[in-house]
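The file model-v9.tsv comes next; it holds TSV, N, CA and C atoms.
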```tsv
chain	number	residue	atom	x	y	z
A	591	MET	N	102.70	-38.04	-116.22
A	591	MET	CA	103.57	-39.16	-116.52
A	591	MET	C	104.48	-39.40	-115.31
A	592	PRO	N	104.59	-40.61	-114.86
A	592	PRO	CA	105.47	-40.90	-113.72
A	592	PRO	C	106.94	-40.77	-114.11
A	593	ILE	N	107.74	-40.36	-113.16
A	593	ILE	CA	109.17	-40.22	-113.40
A	593	ILE	C	109.84	-41.55	-113.08
A	594	THR	N	110.61	-42.05	-114.02
A	594	THR	CA	111.26	-43.35	-113.86
A	594	THR	C	112.63	-43.19	-113.20
A	595	GLN	N	113.22	-44.31	-112.82
A	595	GLN	CA	114.56	-44.29	-112.21
A	595	GLN	C	115.58	-43.68	-113.18
A	596	ASN	N	115.51	-44.05	-114.47
A	596	ASN	CA	116.43	-43.48	-115.45
A	596	ASN	C	116.29	-41.97	-115.53
A	597	MET	N	115.04	-41.49	-115.53
A	597	MET	CA	114.81	-40.05	-115.58
A	597	MET	C	115.37	-39.38	-114.33
A	598	MET	N	115.17	-40.02	-113.18
A	598	MET	CA	115.66	-39.47	-111.93
A	598	MET	C	117.18	-39.32	-111.97
A	599	GLU	N	117.86	-40.32	-112.52
A	599	GLU	CA	119.32	-40.27	-112.61
A	599	GLU	C	119.75	-39.11	-113.49
A	600	VAL	N	119.05	-38.88	-114.59
A	600	VAL	CA	119.39	-37.77	-115.47
A	600	VAL	C	119.15	-36.44	-114.75
A	601	MET	N	118.06	-36.36	-114.02
A	601	MET	CA	117.72	-35.11	-113.35
A	601	MET	C	118.69	-34.81	-112.21
A	602	ILE	N	119.09	-35.83	-111.50
A	602	ILE	CA	119.95	-35.62	-110.33
A	602	ILE	C	121.33	-35.12	-110.72
A	603	TRP	N	121.85	-35.52	-111.87
A	603	TRP	CA	123.20	-35.09	-112.25
A	603	TRP	C	123.30	-33.58	-112.37
A	604	CYS	N	122.20	-32.91	-112.64
A	604	CYS	CA	122.28	-31.47	-112.88
A	604	CYS	C	121.83	-30.66	-111.67
A	605	ILE	N	121.80	-31.24	-110.48
A	605	ILE	CA	121.34	-30.51	-109.31
A	605	ILE	C	122.51	-29.85	-108.60
A	606	PRO	N	122.58	-28.55	-108.71
A	606	PRO	CA	123.59	-27.80	-107.98
A	606	PRO	C	123.01	-27.35	-106.64
A	607	ILE	N	123.74	-26.55	-105.94
A	607	ILE	CA	123.25	-26.02	-104.67
A	607	ILE	C	122.16	-24.99	-104.94
A	608	LEU	N	122.38	-24.12	-105.91
A	608	LEU	CA	121.40	-23.08	-106.20
A	608	LEU	C	120.85	-23.22	-107.61
A	609	TRP	N	119.56	-23.05	-107.73
A	609	TRP	CA	118.91	-22.97	-109.03
A	609	TRP	C	118.24	-21.61	-109.07
A	610	ASP	N	118.12	-21.04	-110.24
A	610	ASP	CA	117.40	-19.79	-110.41
A	610	ASP	C	116.01	-20.14	-110.91
A	611	SER	N	115.03	-19.65	-110.21
A	611	SER	CA	113.66	-19.98	-110.61
A	611	SER	C	112.87	-18.71	-110.87
A	612	ALA	N	111.83	-18.87	-111.67
A	612	ALA	CA	110.92	-17.77	-111.97
A	612	ALA	C	109.87	-17.73	-110.88
A	613	ILE	N	109.76	-16.60	-110.22
A	613	ILE	CA	108.76	-16.43	-109.17
A	613	ILE	C	107.52	-15.82	-109.79
A	614	THR	N	106.37	-16.38	-109.45
A	614	THR	CA	105.11	-15.93	-110.01
A	614	THR	C	104.12	-15.59	-108.90
A	615	ASN	N	103.07	-14.88	-109.29
A	615	ASN	CA	102.00	-14.63	-108.34
A	615	ASN	C	101.01	-15.79	-108.41
A	616	VAL	N	99.89	-15.67	-107.71
A	616	VAL	CA	98.92	-16.77	-107.66
A	616	VAL	C	98.25	-17.03	-109.00
A	617	HIS	N	98.40	-16.11	-109.94
A	617	HIS	CA	97.83	-16.29	-111.28
A	617	HIS	C	98.85	-16.82	-112.27
A	618	GLY	N	100.07	-17.11	-111.78
A	618	GLY	CA	101.12	-17.62	-112.64
A	618	GLY	C	101.83	-16.54	-113.43
A	619	VAL	N	101.60	-15.27	-113.09
A	619	VAL	CA	102.24	-14.16	-113.79
A	619	VAL	C	103.64	-13.95	-113.23
A	620	PHE	N	104.59	-13.82	-114.12
A	620	PHE	CA	105.99	-13.66	-113.75
A	620	PHE	C	106.20	-12.39	-112.92
A	621	LEU	N	106.88	-12.54	-111.78
A	621	LEU	CA	107.22	-11.40	-110.92
A	621	LEU	C	108.71	-11.10	-110.94
A	622	GLY	N	109.53	-12.11	-111.06
A	622	GLY	CA	110.98	-11.90	-111.05
A	622	GLY	C	111.69	-13.22	-110.84
A	623	TYR	N	113.00	-13.12	-110.70
A	623	TYR	CA	113.83	-14.31	-110.51
A	623	TYR	C	114.25	-14.43	-109.06
A	624	HIS	N	114.51	-15.66	-108.64
A	624	HIS	CA	114.90	-15.90	-107.26
A	624	HIS	C	115.74	-17.17	-107.22
A	625	ALA	N	116.82	-17.14	-106.45
A	625	ALA	CA	117.64	-18.34	-106.28
A	625	ALA	C	116.99	-19.26	-105.27
A	626	VAL	N	117.03	-20.56	-105.55
A	626	VAL	CA	116.45	-21.56	-104.66
A	626	VAL	C	117.55	-22.55	-104.29
A	627	SER	N	117.68	-22.82	-103.01
A	627	SER	CA	118.69	-23.76	-102.54
A	627	SER	C	118.07	-25.14	-102.38
A	628	ILE	N	118.49	-26.06	-103.25
A	628	ILE	CA	117.93	-27.41	-103.20
A	628	ILE	C	118.64	-28.22	-102.13
A	629	GLN	N	117.84	-28.87	-101.30
A	629	GLN	CA	118.37	-29.73	-100.27
A	629	GLN	C	118.61	-31.15	-100.81
A	630	ARG	N	117.62	-31.63	-101.60
A	630	ARG	CA	117.71	-33.01	-102.10
A	630	ARG	C	116.60	-33.24	-103.12
A	631	VAL	N	116.74	-34.31	-103.89
A	631	VAL	CA	115.70	-34.81	-104.79
A	631	VAL	C	115.49	-36.26	-104.39
A	632	ALA	N	114.24	-36.61	-104.12
A	632	ALA	CA	113.97	-37.97	-103.64
A	632	ALA	C	112.51	-38.32	-103.91
A	633	GLU	N	112.21	-39.60	-103.80
A	633	GLU	CA	110.82	-40.03	-103.86
A	633	GLU	C	110.15	-39.73	-102.53
A	634	ASP	N	108.92	-39.24	-102.59
A	634	ASP	CA	108.16	-39.01	-101.37
A	634	ASP	C	107.58	-40.33	-100.89
A	635	PRO	N	106.89	-40.36	-99.75
A	635	PRO	CA	106.34	-41.63	-99.25
A	635	PRO	C	105.39	-42.32	-100.23
A	636	GLY	N	104.80	-41.55	-101.15
A	636	GLY	CA	103.90	-42.13	-102.14
A	636	GLY	C	104.59	-42.57	-103.42
A	637	GLY	N	105.93	-42.40	-103.48
A	637	GLY	CA	106.69	-42.84	-104.64
A	637	GLY	C	106.85	-41.80	-105.74
A	638	LYS	N	106.39	-40.56	-105.52
A	638	LYS	CA	106.52	-39.50	-106.51
A	638	LYS	C	107.82	-38.74	-106.27
A	639	VAL	N	108.55	-38.45	-107.34
A	639	VAL	CA	109.82	-37.73	-107.21
A	639	VAL	C	109.54	-36.26	-106.94
A	640	ARG	N	110.18	-35.76	-105.88
A	640	ARG	CA	109.99	-34.36	-105.47
A	640	ARG	C	111.34	-33.69	-105.30
A	641	VAL	N	111.33	-32.37	-105.44
A	641	VAL	CA	112.50	-31.54	-105.15
A	641	VAL	C	112.24	-30.90	-103.80
A	642	TYR	N	113.17	-31.10	-102.87
A	642	TYR	CA	113.07	-30.54	-101.53
A	642	TYR	C	114.03	-29.37	-101.45
A	643	PHE	N	113.52	-28.20	-101.12
A	643	PHE	CA	114.36	-27.01	-101.12
A	643	PHE	C	114.23	-26.24	-99.80
A	644	PHE	N	115.23	-25.42	-99.55
A	644	PHE	CA	115.37	-24.70	-98.29
A	644	PHE	C	114.23	-23.72	-98.08
A	645	ASN	N	113.59	-23.80	-96.94
A	645	ASN	CA	112.51	-22.89	-96.54
A	645	ASN	C	112.60	-22.75	-95.02
A	646	PRO	N	113.54	-21.92	-94.55
A	646	PRO	CA	113.83	-21.87	-93.11
A	646	PRO	C	112.68	-21.46	-92.22
A	647	ASN	N	111.68	-20.78	-92.77
A	647	ASN	CA	110.56	-20.34	-91.95
A	647	ASN	C	109.37	-21.29	-92.00
A	648	ASN	N	109.54	-22.41	-92.72
A	648	ASN	CA	108.42	-23.35	-92.92
A	648	ASN	C	107.17	-22.63	-93.41
A	649	GLU	N	107.38	-21.68	-94.31
A	649	GLU	CA	106.28	-20.91	-94.89
A	649	GLU	C	105.44	-21.82	-95.77
A	650	GLY	N	104.22	-22.07	-95.38
A	650	GLY	CA	103.37	-23.00	-96.10
A	650	GLY	C	102.27	-22.34	-96.90
A	651	ARG	N	102.37	-21.04	-97.12
A	651	ARG	CA	101.29	-20.34	-97.83
A	651	ARG	C	101.68	-19.93	-99.24
A	652	GLN	N	102.77	-20.44	-99.75
A	652	GLN	CA	103.20	-20.05	-101.09
A	652	GLN	C	102.25	-20.60	-102.15
A	653	ASN	N	102.03	-19.80	-103.17
A	653	ASN	CA	101.21	-20.21	-104.30
A	653	ASN	C	101.93	-19.70	-105.54
A	654	TRP	N	102.47	-20.62	-106.34
A	654	TRP	CA	103.26	-20.25	-107.51
A	654	TRP	C	102.39	-20.11	-108.75
A	655	GLY	N	101.08	-20.20	-108.60
A	655	GLY	CA	100.14	-20.04	-109.70
A	655	GLY	C	99.87	-21.34	-110.43
A	656	ARG	N	98.73	-21.36	-111.13
A	656	ARG	CA	98.33	-22.51	-111.94
A	656	ARG	C	98.29	-23.81	-111.14
A	657	GLY	N	97.91	-23.72	-109.87
A	657	GLY	CA	97.78	-24.91	-109.03
A	657	GLY	C	99.06	-25.43	-108.43
A	658	VAL	N	100.15	-24.69	-108.55
A	658	VAL	CA	101.45	-25.12	-108.01
A	658	VAL	C	101.64	-24.48	-106.63
A	659	GLU	N	101.56	-25.33	-105.60
A	659	GLU	CA	101.72	-24.87	-104.23
A	659	GLU	C	102.71	-25.77	-103.50
A	660	PRO	N	103.90	-25.22	-103.16
A	660	PRO	CA	104.87	-26.02	-102.42
A	660	PRO	C	104.29	-26.47	-101.09
A	661	SER	N	104.66	-27.66	-100.67
A	661	SER	CA	104.20	-28.15	-99.37
A	661	SER	C	105.35	-28.11	-98.37
A	662	VAL	N	105.00	-28.05	-97.10
A	662	VAL	CA	106.00	-28.09	-96.03
A	662	VAL	C	105.83	-29.31	-95.15
A	663	VAL	N	104.76	-30.05	-95.38
A	663	VAL	CA	104.49	-31.25	-94.59
A	663	VAL	C	103.63	-32.20	-95.42
A	664	GLY	N	103.81	-33.49	-95.20
A	664	GLY	CA	102.96	-34.47	-95.85
A	664	GLY	C	103.58	-35.19	-97.03
A	665	HIS	N	104.74	-34.74	-97.47
A	665	HIS	CA	105.39	-35.38	-98.61
A	665	HIS	C	106.84	-35.73	-98.29
A	666	GLY	N	107.13	-35.95	-97.01
A	666	GLY	CA	108.47	-36.34	-96.61
A	666	GLY	C	109.40	-35.18	-96.29
A	667	GLU	N	108.84	-33.98	-96.17
A	667	GLU	CA	109.68	-32.82	-95.84
A	667	GLU	C	110.19	-32.93	-94.41
A	668	ILE	N	111.39	-32.43	-94.20
A	668	ILE	CA	111.92	-32.30	-92.85
A	668	ILE	C	111.82	-30.82	-92.48
A	669	PRO	N	111.87	-30.47	-91.20
A	669	PRO	CA	111.76	-29.06	-90.83
A	669	PRO	C	112.77	-28.20	-91.60
A	670	GLY	N	112.26	-27.09	-92.12
A	670	GLY	CA	113.10	-26.18	-92.89
A	670	GLY	C	113.07	-26.43	-94.39
A	671	GLU	N	112.24	-27.38	-94.83
A	671	GLU	CA	112.13	-27.69	-96.25
A	671	GLU	C	110.72	-27.43	-96.77
A	672	SER	N	110.66	-27.09	-98.03
A	672	SER	CA	109.43	-27.14	-98.83
A	672	SER	C	109.69	-28.14	-99.93
A	673	SER	N	108.64	-28.57	-100.61
A	673	SER	CA	108.86	-29.45	-101.75
A	673	SER	C	107.80	-29.23	-102.81
A	674	LEU	N	108.18	-29.60	-104.04
A	674	LEU	CA	107.29	-29.61	-105.19
A	674	LEU	C	107.57	-30.89	-105.97
A	675	SER	N	106.59	-31.34	-106.73
A	675	SER	CA	106.86	-32.44	-107.64
A	675	SER	C	107.95	-31.97	-108.60
A	676	PHE	N	108.74	-32.91	-109.10
A	676	PHE	CA	109.88	-32.53	-109.93
A	676	PHE	C	109.43	-31.75	-111.16
A	677	ASP	N	108.35	-32.18	-111.81
A	677	ASP	CA	107.92	-31.49	-113.02
A	677	ASP	C	107.47	-30.07	-112.74
A	678	HIS	N	106.76	-29.84	-111.63
A	678	HIS	CA	106.37	-28.47	-111.30
A	678	HIS	C	107.58	-27.61	-110.97
A	679	PHE	N	108.54	-28.18	-110.26
A	679	PHE	CA	109.75	-27.41	-109.96
A	679	PHE	C	110.50	-27.08	-111.26
A	680	ALA	N	110.67	-28.09	-112.11
A	680	ALA	CA	111.41	-27.89	-113.36
A	680	ALA	C	110.74	-26.84	-114.25
A	681	ALA	N	109.42	-26.76	-114.21
A	681	ALA	CA	108.70	-25.80	-115.04
A	681	ALA	C	108.95	-24.36	-114.60
A	682	HIS	N	109.49	-24.16	-113.42
A	682	HIS	CA	109.77	-22.82	-112.93
A	682	HIS	C	111.24	-22.43	-113.04
A	683	LEU	N	112.04	-23.29	-113.62
A	683	LEU	CA	113.47	-22.97	-113.77
A	683	LEU	C	113.70	-22.13	-115.00
A	684	TYR	N	114.60	-21.18	-114.89
A	684	TYR	CA	115.01	-20.47	-116.09
A	684	TYR	C	116.50	-20.62	-116.31
A	685	ALA	N	117.24	-21.03	-115.31
A	685	ALA	CA	118.68	-21.26	-115.46
A	685	ALA	C	119.14	-22.27	-114.43
A	686	PHE	N	120.08	-23.10	-114.81
A	686	PHE	CA	120.71	-24.00	-113.86
A	686	PHE	C	122.11	-24.29	-114.34
A	687	HIS	N	122.92	-24.74	-113.45
A	687	HIS	CA	124.33	-24.98	-113.75
A	687	HIS	C	124.66	-26.42	-113.37
A	688	TYR	N	125.54	-27.04	-114.12
A	688	TYR	CA	125.92	-28.40	-113.85
A	688	TYR	C	127.38	-28.61	-114.21
A	689	HIS	N	127.94	-29.67	-113.75
A	689	HIS	CA	129.32	-30.02	-114.05
A	689	HIS	C	129.31	-30.84	-115.34
A	690	GLN	N	129.97	-30.34	-116.37
A	690	GLN	CA	129.89	-30.99	-117.69
A	690	GLN	C	130.45	-32.41	-117.71
A	691	MET	N	131.28	-32.76	-116.74
A	691	MET	CA	131.81	-34.13	-116.70
A	691	MET	C	130.85	-35.10	-116.01
A	692	GLU	N	129.74	-34.59	-115.48
A	692	GLU	CA	128.79	-35.43	-114.77
A	692	GLU	C	127.44	-35.50	-115.48
A	693	VAL	N	127.45	-35.32	-116.78
A	693	VAL	CA	126.22	-35.34	-117.55
A	693	VAL	C	125.71	-36.76	-117.68
A	694	GLY	N	124.42	-36.94	-117.42
A	694	GLY	CA	123.80	-38.25	-117.55
A	694	GLY	C	123.37	-38.48	-119.00
A	695	GLU	N	122.27	-39.16	-119.17
A	695	GLU	CA	121.74	-39.46	-120.50
A	695	GLU	C	120.44	-38.70	-120.71
A	696	PRO	N	120.51	-37.48	-121.22
A	696	PRO	CA	119.28	-36.70	-121.42
A	696	PRO	C	118.22	-37.41	-122.26
A	697	LYS	N	118.63	-38.31	-123.14
A	697	LYS	CA	117.66	-39.03	-123.97
A	697	LYS	C	116.76	-39.93	-123.14
A	698	ASN	N	117.11	-40.18	-121.86
A	698	ASN	CA	116.27	-40.99	-120.99
A	698	ASN	C	115.03	-40.25	-120.50
A	699	VAL	N	115.00	-38.93	-120.70
A	699	VAL	CA	113.83	-38.16	-120.30
A	699	VAL	C	112.86	-38.16	-121.48
A	700	PRO	N	111.67	-38.72	-121.30
A	700	PRO	CA	110.71	-38.82	-122.41
A	700	PRO	C	110.31	-37.46	-122.97
A	701	ASP	N	110.09	-37.43	-124.27
A	701	ASP	CA	109.66	-36.20	-124.94
A	701	ASP	C	108.38	-35.64	-124.33
A	702	GLU	N	107.48	-36.54	-123.87
A	702	GLU	CA	106.22	-36.09	-123.28
A	702	GLU	C	106.47	-35.27	-122.01
A	703	THR	N	107.44	-35.70	-121.21
A	703	THR	CA	107.76	-34.98	-119.97
A	703	THR	C	108.33	-33.61	-120.30
A	704	ILE	N	109.22	-33.56	-121.26
A	704	ILE	CA	109.81	-32.28	-121.66
A	704	ILE	C	108.72	-31.35	-122.19
A	705	ALA	N	107.82	-31.88	-123.00
A	705	ALA	CA	106.73	-31.08	-123.55
A	705	ALA	C	105.81	-30.56	-122.45
A	706	GLU	N	105.51	-31.41	-121.46
A	706	GLU	CA	104.63	-31.00	-120.36
A	706	GLU	C	105.26	-29.88	-119.53
A	707	VAL	N	106.54	-30.01	-119.21
A	707	VAL	CA	107.23	-28.98	-118.43
A	707	VAL	C	107.33	-27.68	-119.23
A	708	THR	N	107.66	-27.79	-120.52
A	708	THR	CA	107.76	-26.61	-121.37
A	708	THR	C	106.42	-25.89	-121.49
A	709	THR	N	105.36	-26.65	-121.69
A	709	THR	CA	104.03	-26.05	-121.79
A	709	THR	C	103.65	-25.34	-120.51
A	710	HIS	N	103.92	-25.98	-119.36
A	710	HIS	CA	103.61	-25.36	-118.07
A	710	HIS	C	104.35	-24.02	-117.93
A	711	ALA	N	105.62	-23.99	-118.32
A	711	ALA	CA	106.41	-22.76	-118.22
A	711	ALA	C	105.88	-21.70	-119.18
A	712	LYS	N	105.63	-22.07	-120.43
A	712	LYS	CA	105.18	-21.10	-121.44
A	712	LYS	C	103.81	-20.52	-121.10
A	713	GLU	N	102.92	-21.35	-120.54
A	713	GLU	CA	101.58	-20.89	-120.24
A	713	GLU	C	101.48	-20.21	-118.88
A	714	GLY	N	102.52	-20.31	-118.08
A	714	GLY	CA	102.56	-19.66	-116.78
A	714	GLY	C	103.45	-18.44	-116.83
A	715	TRP	N	104.56	-18.51	-116.10
A	715	TRP	CA	105.46	-17.36	-116.00
A	715	TRP	C	106.05	-16.95	-117.34
A	716	GLY	N	106.14	-17.87	-118.29
A	716	GLY	CA	106.79	-17.57	-119.56
A	716	GLY	C	105.93	-16.81	-120.56
A	717	GLN	N	104.69	-16.49	-120.21
A	717	GLN	CA	103.82	-15.75	-121.13
A	717	GLN	C	104.42	-14.42	-121.54
A	718	ALA	N	105.20	-13.81	-120.67
A	718	ALA	CA	105.75	-12.48	-120.93
A	718	ALA	C	107.00	-12.52	-121.79
A	719	PHE	N	107.44	-13.71	-122.22
A	719	PHE	CA	108.68	-13.85	-122.94
A	719	PHE	C	108.46	-14.41	-124.34
A	720	THR	N	109.40	-14.13	-125.24
A	720	THR	CA	109.39	-14.71	-126.56
A	720	THR	C	110.18	-16.01	-126.52
A	721	TRP	N	109.56	-17.09	-126.95
A	721	TRP	CA	110.21	-18.41	-126.94
A	721	TRP	C	110.70	-18.71	-128.34
A	722	LEU	N	111.93	-19.15	-128.44
A	722	LEU	CA	112.51	-19.47	-129.74
A	722	LEU	C	112.42	-20.95	-130.01
```
Would you put the structure from the file into structure tokens?
Amino acid sequence: MPITQNMMEVMIWCIPILWDSAITNVHGVFLGYHAVSIQRVAEDPGGKVRVYFFNPNNEGRQNWGRGVEPSVVGHGEIPGESSLSFDHFAAHLYAFHYHQMEVGEPKNVPDETIAEVTTHAKEGWGQAFTWL
């Protein structure tokens, strides 16, 4: 499902400097937690919303499992950045922090998108956890 401008606005309000993400192996099996420093969220040259995050070594061999591979070139990255589509990035989050006075309209995010991200997390790194 494409991410709309309204969805982007909702997503951007909750972007702090650091997000905690679930790190997985190439099979999507949970390995541990890791803080990720987000540089920006923007549309790539093809119009897809991506999360651009700090990768000072331009390491382009990462494989987060289940077909999720951050890119370092080709999607509008600048040197020192990696990127993922927003939904793939969101599926690897386990915690994030936001300013409660800057909350957007969460109802603008379609239920299908939430279901897709949740399924990706549960079937990947989240297999080892009990979901309530």
Problem - Pick from A:Pro646, A:Glu667, A:Val662, A:Val619, whichever lies nearest to Asp634 (chain A) using all atoms listed in the file - result: A:Glu667
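Here CA of Gly622 (chain A) and CA of Pro669 (chain A) stand 26.5 Å from one another.
Distance annotation: of A:Pro700, A:Gly666, A:Pro660, A:Gly655, the residue with the minimal separation from Gly637 (chain A) is A:Gly666; atom set is only C-alpha atoms.
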Listed atoms of region 633-647 of chain A, axis-aligned box, 5 Å per side: centre and edge lengths to one decimal in Å, as AutoDock Vina command-line options?
```
--center_x 109.6 --center_y -31.6 --center_z -99.6 --size_x 21.5 --size_y 32.5 --size_z 25.4
```
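Among the candidate residues A:Glu695, A:His624, A:His678, A:Trp721, the one lying nearest to Val707 (chain A) is A:His678, with distances computed using all atoms listed in the file.
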Exercise for the section: Determine, counting all atoms listed in the file, every residue of protein, DNA or RNA that lies within 8 Å of (107.5, -21.5, -115.9) in the file coordinates, then give the result as JSON, numbers by chain. Expected result: {"A": [611, 612, 613, 618, 678, 679, 680, 681, 682, 683, 684, 707, 708, 709, 710, 711, 712, 713, 714, 715, 716, 717]}
Output N, CA and C atoms for every residue in that selection, as a PDB file, in the frame of the given file.
```pdb
ATOM      1  N   SER A 611     115.030 -19.650-110.210  1.00  0.00           N
ATOM      2  CA  SER A 611     113.660 -19.980-110.610  1.00  0.00           C
ATOM      3  C   SER A 611     112.870 -18.710-110.870  1.00  0.00           C
ATOM      4  N   ALA A 612     111.830 -18.870-111.670  1.00  0.00           N
ATOM      5  CA  ALA A 612     110.920 -17.770-111.970  1.00  0.00           C
ATOM      6  C   ALA A 612     109.870 -17.730-110.880  1.00  0.00           C
ATOM      7  N   ILE A 613     109.760 -16.600-110.220  1.00  0.00           N
ATOM      8  CA  ILE A 613     108.760 -16.430-109.170  1.00  0.00           C
ATOM      9  C   ILE A 613     107.520 -15.820-109.790  1.00  0.00           C
ATOM     10  N   GLY A 618     100.070 -17.110-111.780  1.00  0.00           N
ATOM     11  CA  GLY A 618     101.120 -17.620-112.640  1.00  0.00           C
ATOM     12  C   GLY A 618     101.830 -16.540-113.430  1.00  0.00           C
ATOM     13  N   HIS A 678     106.760 -29.840-111.630  1.00  0.00           N
ATOM     14  CA  HIS A 678     106.370 -28.470-111.300  1.00  0.00           C
ATOM     15  C   HIS A 678     107.580 -27.610-110.970  1.00  0.00           C
ATOM     16  N   PHE A 679     108.540 -28.180-110.260  1.00  0.00           N
ATOM     17  CA  PHE A 679     109.750 -27.410-109.960  1.00  0.00           C
ATOM     18  C   PHE A 679     110.500 -27.080-111.260  1.00  0.00           C
ATOM     19  N   ALA A 680     110.670 -28.090-112.110  1.00  0.00           N
ATOM     20  CA  ALA A 680     111.410 -27.890-113.360  1.00  0.00           C
ATOM     21  C   ALA A 680     110.740 -26.840-114.250  1.00  0.00           C
ATOM     22  N   ALA A 681     109.420 -26.760-114.210  1.00  0.00           N
ATOM     23  CA  ALA A 681     108.700 -25.800-115.040  1.00  0.00           C
ATOM     24  C   ALA A 681     108.950 -24.360-114.600  1.00  0.00           C
ATOM     25  N   HIS A 682     109.490 -24.160-113.420  1.00  0.00           N
ATOM     26  CA  HIS A 682     109.770 -22.820-112.930  1.00  0.00           C
ATOM     27  C   HIS A 682     111.240 -22.430-113.040  1.00  0.00           C
ATOM     28  N   LEU A 683     112.040 -23.290-113.620  1.00  0.00           N
ATOM     29  CA  LEU A 683     113.470 -22.970-113.770  1.00  0.00           C
ATOM     30  C   LEU A 683     113.700 -22.130-115.000  1.00  0.00           C
ATOM     31  N   TYR A 684     114.600 -21.180-114.890  1.00  0.00           N
ATOM     32  CA  TYR A 684     115.010 -20.470-116.090  1.00  0.00           C
ATOM     33  C   TYR A 684     116.500 -20.620-116.310  1.00  0.00           C
ATOM     34  N   VAL A 707     106.540 -30.010-119.210  1.00  0.00           N
ATOM     35  CA  VAL A 707     107.230 -28.980-118.430  1.00  0.00           C
ATOM     36  C   VAL A 707     107.330 -27.680-119.230  1.00  0.00           C
ATOM     37  N   THR A 708     107.660 -27.790-120.520  1.00  0.00           N
ATOM     38  CA  THR A 708     107.760 -26.610-121.370  1.00  0.00           C
ATOM     39  C   THR A 708     106.420 -25.890-121.490  1.00  0.00           C
ATOM     40  N   THR A 709     105.360 -26.650-121.690  1.00  0.00           N
ATOM     41  CA  THR A 709     104.030 -26.050-121.790  1.00  0.00           C
ATOM     42  C   THR A 709     103.650 -25.340-120.510  1.00  0.00           C
ATOM     43  N   HIS A 710     103.920 -25.980-119.360  1.00  0.00           N
ATOM     44  CA  HIS A 710     103.610 -25.360-118.070  1.00  0.00           C
ATOM     45  C   HIS A 710     104.350 -24.020-117.930  1.00  0.00           C
ATOM     46  N   ALA A 711     105.620 -23.990-118.320  1.00  0.00           N
ATOM     47  CA  ALA A 711     106.410 -22.760-118.220  1.00  0.00           C
ATOM     48  C   ALA A 711     105.880 -21.700-119.180  1.00  0.00           C
ATOM     49  N   LYS A 712     105.630 -22.070-120.430  1.00  0.00           N
ATOM     50  CA  LYS A 712     105.180 -21.100-121.440  1.00  0.00           C
ATOM     51  C   LYS A 712     103.810 -20.520-121.100  1.00  0.00           C
ATOM     52  N   GLU A 713     102.920 -21.350-120.540  1.00  0.00           N
ATOM     53  CA  GLU A 713     101.580 -20.890-120.240  1.00  0.00           C
ATOM     54  C   GLU A 713     101.480 -20.210-118.880  1.00  0.00           C
ATOM     55  N   GLY A 714     102.520 -20.310-118.080  1.00  0.00           N
ATOM     56  CA  GLY A 714     102.560 -19.660-116.780  1.00  0.00           C
ATOM     57  C   GLY A 714     103.450 -18.440-116.830  1.00  0.00           C
ATOM     58  N   TRP A 715     104.560 -18.510-116.100  1.00  0.00           N
ATOM     59  CA  TRP A 715     105.460 -17.360-116.000  1.00  0.00           C
ATOM     60  C   TRP A 715     106.050 -16.950-117.340  1.00  0.00           C
ATOM     61  N   GLY A 716     106.140 -17.870-118.290  1.00  0.00           N
ATOM     62  CA  GLY A 716     106.790 -17.570-119.560  1.00  0.00           C
ATOM     63  C   GLY A 716     105.930 -16.810-120.560  1.00  0.00           C
ATOM     64  N   GLN A 717     104.690 -16.490-120.210  1.00  0.00           N
ATOM     65  CA  GLN A 717     103.820 -15.750-121.130  1.00  0.00           C
ATOM     66  C   GLN A 717     104.420 -14.420-121.540  1.00  0.00           C
TER      67      GLN A 717
END
```
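Here atom C of Asn647 (chain A) is placed at a distance of 7.3 Å from atom N of Glu671 (chain A).
Atom pair atom N of Ser672 (chain A) / CA of Gln652 (chain A) has a distance of 10.7 Å (rounded to one decimal).
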Practice task
Pick out the closest residue to Leu674 (chain A) from this set: A:Ala632, A:Ala625, A:Gly694, A:Glu659. Count only C-alpha atoms.
Solution key: A:Glu659
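Checking A:Glu706, A:Gly664, A:Thr720, A:Gly670 one by one against Asn648 (chain A), counting only N, CA and C atoms, you find the shortest gap at A:Gly670.
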Handout entry: Distance criterion (all atoms listed in the file): nearest to Asn645 (chain A) out of A:Thr703, A:Ser627, A:Val663, A:Met691
Key = A:Ser627
Exercise for the section: Once DSSP has gone over the backbone, tell me which residues of region 655-722 of chain A are in alpha helix (DSSP H), as a PyMOL selection string. Expected result: chain A and resi 676-680+701-713
